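As provided, start-v7.pdb (PDB, C-alpha atoms and all ligand atoms) reads as follows.
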ATOM      1  CA  MET I   1    -114.489  20.962 -30.124  1.00  0.00           C
ATOM      2  CA  SER I   2    -113.238  23.355 -27.474  1.00  0.00           C
ATOM      3  CA  LYS I   3    -109.525  23.511 -26.983  1.00  0.00           C
ATOM      4  CA  ASN I   4    -108.287  21.961 -23.771  1.00  0.00           C
ATOM      5  CA  PRO I   5    -106.594  24.774 -21.828  1.00  0.00           C
ATOM      6  CA  TYR I   6    -104.633  22.275 -19.766  1.00  0.00           C
ATOM      7  CA  PRO I   7    -102.811  19.933 -22.075  1.00  0.00           C
ATOM      8  CA  MET I   8    -102.025  16.633 -20.413  1.00  0.00           C
ATOM      9  CA  ARG I   9     -98.818  14.744 -20.886  1.00  0.00           C
ATOM     10  CA  MET I  10     -97.756  11.353 -19.628  1.00  0.00           C
ATOM     11  CA  CYS I  11     -94.799  10.858 -17.322  1.00  0.00           C
ATOM     12  CA  CYS I  12     -92.288   8.351 -18.690  1.00  0.00           C
ATOM     13  CA  GLY I  13     -91.700   7.015 -15.200  1.00  0.00           C
ATOM     14  CA  CYS I  14     -95.065   6.432 -13.544  1.00  0.00           C
ATOM     15  CA  ARG I  15     -97.147   6.762 -16.731  1.00  0.00           C
ATOM     16  CA  VAL I  16     -99.620   9.065 -15.071  1.00  0.00           C
ATOM     17  CA  SER I  17    -100.983  11.921 -17.156  1.00  0.00           C
ATOM     18  CA  ARG I  18    -100.540  15.326 -15.623  1.00  0.00           C
ATOM     19  CA  ALA I  19    -100.832  18.924 -16.680  1.00  0.00           C
ATOM     20  CA  LYS I  20     -97.887  19.822 -18.853  1.00  0.00           C
ATOM     21  CA  GLY I  21     -96.716  22.487 -16.417  1.00  0.00           C
ATOM     22  CA  GLU I  22     -96.216  19.937 -13.633  1.00  0.00           C
ATOM     23  CA  LEU I  23     -93.764  17.891 -15.629  1.00  0.00           C
ATOM     24  CA  ILE I  24     -90.177  18.313 -16.734  1.00  0.00           C
ATOM     25  CA  ARG I  25     -89.862  18.453 -20.507  1.00  0.00           C
ATOM     26  CA  ILE I  26     -87.005  16.615 -22.158  1.00  0.00           C
ATOM     27  CA  VAL I  27     -86.101  17.010 -25.791  1.00  0.00           C
ATOM     28  CA  ARG I  28     -84.097  14.640 -27.923  1.00  0.00           C
ATOM     29  CA  THR I  29     -81.595  16.150 -30.299  1.00  0.00           C
ATOM     30  CA  GLU I  30     -80.824  14.635 -33.665  1.00  0.00           C
ATOM     31  CA  ASP I  31     -77.578  13.107 -32.461  1.00  0.00           C
ATOM     32  CA  GLY I  32     -79.315  11.110 -29.755  1.00  0.00           C
ATOM     33  CA  LYS I  33     -78.619  13.340 -26.806  1.00  0.00           C
ATOM     34  CA  ALA I  34     -81.438  14.241 -24.498  1.00  0.00           C
ATOM     35  CA  ILE I  35     -81.590  17.659 -22.933  1.00  0.00           C
ATOM     36  CA  ILE I  36     -83.750  19.121 -20.224  1.00  0.00           C
ATOM     37  CA  ASP I  37     -85.915  21.786 -21.749  1.00  0.00           C
ATOM     38  CA  LYS I  38     -86.414  24.248 -18.922  1.00  0.00           C
ATOM     39  CA  SER I  39     -87.976  26.858 -21.161  1.00  0.00           C
ATOM     40  CA  CYS I  40     -90.372  24.339 -22.773  1.00  0.00           C
ATOM     41  CA  ARG I  41     -89.652  26.019 -26.083  1.00  0.00           C
ATOM     42  CA  LEU I  42     -87.053  23.852 -27.711  1.00  0.00           C
ATOM     43  CA  PRO I  43     -88.060  22.289 -30.996  1.00  0.00           C
ATOM     44  CA  GLY I  44     -88.183  18.556 -31.475  1.00  0.00           C
ATOM     45  CA  ARG I  45     -89.930  15.600 -29.947  1.00  0.00           C
ATOM     46  CA  GLY I  46     -90.541  16.027 -26.255  1.00  0.00           C
ATOM     47  CA  ALA I  47     -90.914  13.553 -23.437  1.00  0.00           C
ATOM     48  CA  TYR I  48     -92.152  14.340 -19.967  1.00  0.00           C
ATOM     49  CA  ILE I  49     -91.379  13.207 -16.466  1.00  0.00           C
ATOM     50  CA  CYS I  50     -92.536  14.188 -12.969  1.00  0.00           C
ATOM     51  CA  HIS I  51     -90.379  16.236 -10.623  1.00  0.00           C
ATOM     52  CA  SER I  52     -89.752  13.051  -8.689  1.00  0.00           C
ATOM     53  CA  GLU I  53     -86.655  10.999  -8.014  1.00  0.00           C
ATOM     54  CA  GLU I  54     -88.877   7.959  -7.915  1.00  0.00           C
ATOM     55  CA  CYS I  55     -90.133   8.510 -11.440  1.00  0.00           C
ATOM     56  CA  ILE I  56     -86.641   9.185 -12.698  1.00  0.00           C
ATOM     57  CA  ALA I  57     -85.400   5.969 -11.103  1.00  0.00           C
ATOM     58  CA  LYS I  58     -88.282   4.044 -12.649  1.00  0.00           C
ATOM     59  CA  ALA I  59     -87.622   5.516 -16.045  1.00  0.00           C
ATOM     60  CA  GLU I  60     -83.899   4.868 -15.759  1.00  0.00           C
ATOM     61  CA  LYS I  61     -84.314   1.224 -14.818  1.00  0.00           C
ATOM     62  CA  LYS I  62     -86.019   0.389 -18.076  1.00  0.00           C
ATOM     63  CA  ASN I  63     -84.684   3.310 -20.054  1.00  0.00           C
ATOM     64  CA  ARG I  64     -88.234   4.422 -20.621  1.00  0.00           C
ATOM     65  CA  LEU I  65     -87.204   7.745 -22.038  1.00  0.00           C
ATOM     66  CA  ALA I  66     -85.971   5.826 -25.039  1.00  0.00           C
ATOM     67  CA  GLY I  67     -89.443   4.311 -25.251  1.00  0.00           C
ATOM     68  CA  CYS I  68     -91.077   7.721 -25.038  1.00  0.00           C
ATOM     69  CA  PHE I  69     -88.859   9.078 -27.769  1.00  0.00           C
ATOM     70  CA  LYS I  70     -89.080   5.836 -29.740  1.00  0.00           C
ATOM     71  CA  ALA I  71     -85.351   6.228 -30.147  1.00  0.00           C
ATOM     72  CA  ASN I  72     -82.292   5.588 -28.044  1.00  0.00           C
ATOM     73  CA  VAL I  73     -81.061   8.388 -25.833  1.00  0.00           C
ATOM     74  CA  HIS I  74     -77.846   9.026 -23.982  1.00  0.00           C
ATOM     75  CA  VAL I  75     -78.351   7.680 -20.440  1.00  0.00           C
ATOM     76  CA  GLN I  76     -76.570  10.706 -18.973  1.00  0.00           C
ATOM     77  CA  ILE I  77     -79.936  12.455 -19.021  1.00  0.00           C
ATOM     78  CA  TYR I  78     -81.038  10.490 -15.976  1.00  0.00           C
ATOM     79  CA  SER I  79     -78.291  11.841 -13.754  1.00  0.00           C
ATOM     80  CA  GLU I  80     -79.003  15.323 -15.045  1.00  0.00           C
ATOM     81  CA  LEU I  81     -82.666  14.898 -14.133  1.00  0.00           C
ATOM     82  CA  ARG I  82     -81.746  13.647 -10.685  1.00  0.00           C
ATOM     83  CA  GLU I  83     -79.581  16.679 -10.083  1.00  0.00           C
ATOM     84  CA  LEU I  84     -82.405  18.903 -11.222  1.00  0.00           C
ATOM     85  CA  VAL I  85     -85.035  17.480  -8.853  1.00  0.00           C
ATOM     86  CA  LYS I  86     -82.578  17.357  -5.945  1.00  0.00           C
ATOM     87  CA  GLY I  87     -81.914  21.020  -6.399  1.00  0.00           C
ATOM     88  CA  VAL I  88     -85.584  21.916  -5.986  1.00  0.00           C
TER      89      VAL I  88
HETATM   90 ZN    ZN L   1     -94.125  10.285 -12.777  1.00  0.00          ZN
END

Could you express the structure from this file as structure tokens?
Amino acid sequence: MSKNPYPMRMCCGCRVSRAKGELIRIVRTEDGKAIIDKSCRLPGRGAYICHSEECIAKAEKKNRLAGCFKANVHVQIYSELRELVKGV
């Protein structure tokens, strides 16, 4: 029962599990907005996605973030994510 020091999370785009630190965390607020959680410290349900335009495009096509949150999210998050990975 040792604690896993590298928690794995699944990307909403490619559905591959990666170490948490390799993914972008997104948090859904109560009013249905999704925000990029750069500090990884915001409360609430989180979803994760790779630092990859490809994964963002995949997720956007089927609005998979909504699936990850099990709730609808404002689609504006996808353009915000794209801007974020382009800036890297
Ligand atoms: Zn991915």

Hey, which bits of chain I sit within 9 Å of ligand ZN 1 (chain L), and for each residue what's the closest pair of atoms and how far apart in Å (one decimal), counting all atoms listed in the file, rows by chain and increasing number, as a tab-separated table?
residue	atom	partner	partner_atom	distance
I:Met10	CA	L:ZN1	ZN	7.8
I:Cys11	CA	L:ZN1	ZN	4.6
I:Cys12	CA	L:ZN1	ZN	6.5
I:Gly13	CA	L:ZN1	ZN	4.7
I:Cys14	CA	L:ZN1	ZN	4.0
I:Arg15	CA	L:ZN1	ZN	6.1
I:Val16	CA	L:ZN1	ZN	6.1
I:Ser17	CA	L:ZN1	ZN	8.3
I:Arg18	CA	L:ZN1	ZN	8.6
I:Leu23	CA	L:ZN1	ZN	8.1
I:Tyr48	CA	L:ZN1	ZN	8.5
I:Ile49	CA	L:ZN1	ZN	5.4
I:Cys50	CA	L:ZN1	ZN	4.2
I:His51	CA	L:ZN1	ZN	7.4
I:Ser52	CA	L:ZN1	ZN	6.6
I:Glu53	CA	L:ZN1	ZN	8.9
I:Glu54	CA	L:ZN1	ZN	7.5
I:Cys55	CA	L:ZN1	ZN	4.6
I:Ile56	CA	L:ZN1	ZN	7.6
I:Lys58	CA	L:ZN1	ZN	8.6
I:Ala59	CA	L:ZN1	ZN	8.7

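Reported to one decimal place, the separation of CA of Lys86 (chain I) from CA of Ala66 (chain I) is 22.6 Å.
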
- Report the distance between CA of Val73 (chain I) and CA of Gly32 (chain I) in Å, rounded to one decimal place. 5.1 Å

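Residues surrounding region 34-45 of chain I within 9 Å are Ile24, Arg25, Ile26, Val27, Arg28, Thr29, Glu30, Asp31, Phe69, Val73, His74, Val75, Gln76, Ile77, Glu80 and Leu81 of chain I [only C-alpha atoms; sequence separation below 3 positions excluded].
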
Is it possible to get the axis-aligned box enclosing region 6-12 of chain I (all listed atoms, 6 Å extra per side) as lines of an AutoDock Vina configuration file, with centre and edge lengths in Å rounded to one decimal?
center_x = -98.5
center_y = 15.3
center_z = -19.7
size_x = 24.3
size_y = 25.9
size_z = 16.8

- Task: Figure out the distance between CA of Pro7 (chain I) and CA of Asn72 (chain I), please, to one decimal in Å.
- Result: 25.7 Å

- Can you list what the PyMOL selection byres (((chain I and resi 20) around 6) and not hetatm) grabs from this structure, as a VMD selection string? chain I and resid 7 to 9 19 21 to 23

- Hey, which of I:Lys33, I:Glu83, I:Lys61, I:Cys68 ends up closest to Gly46 (chain I)? Count all atoms listed in the file.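 Nearest to Gly46 (chain I): I:Cys68.
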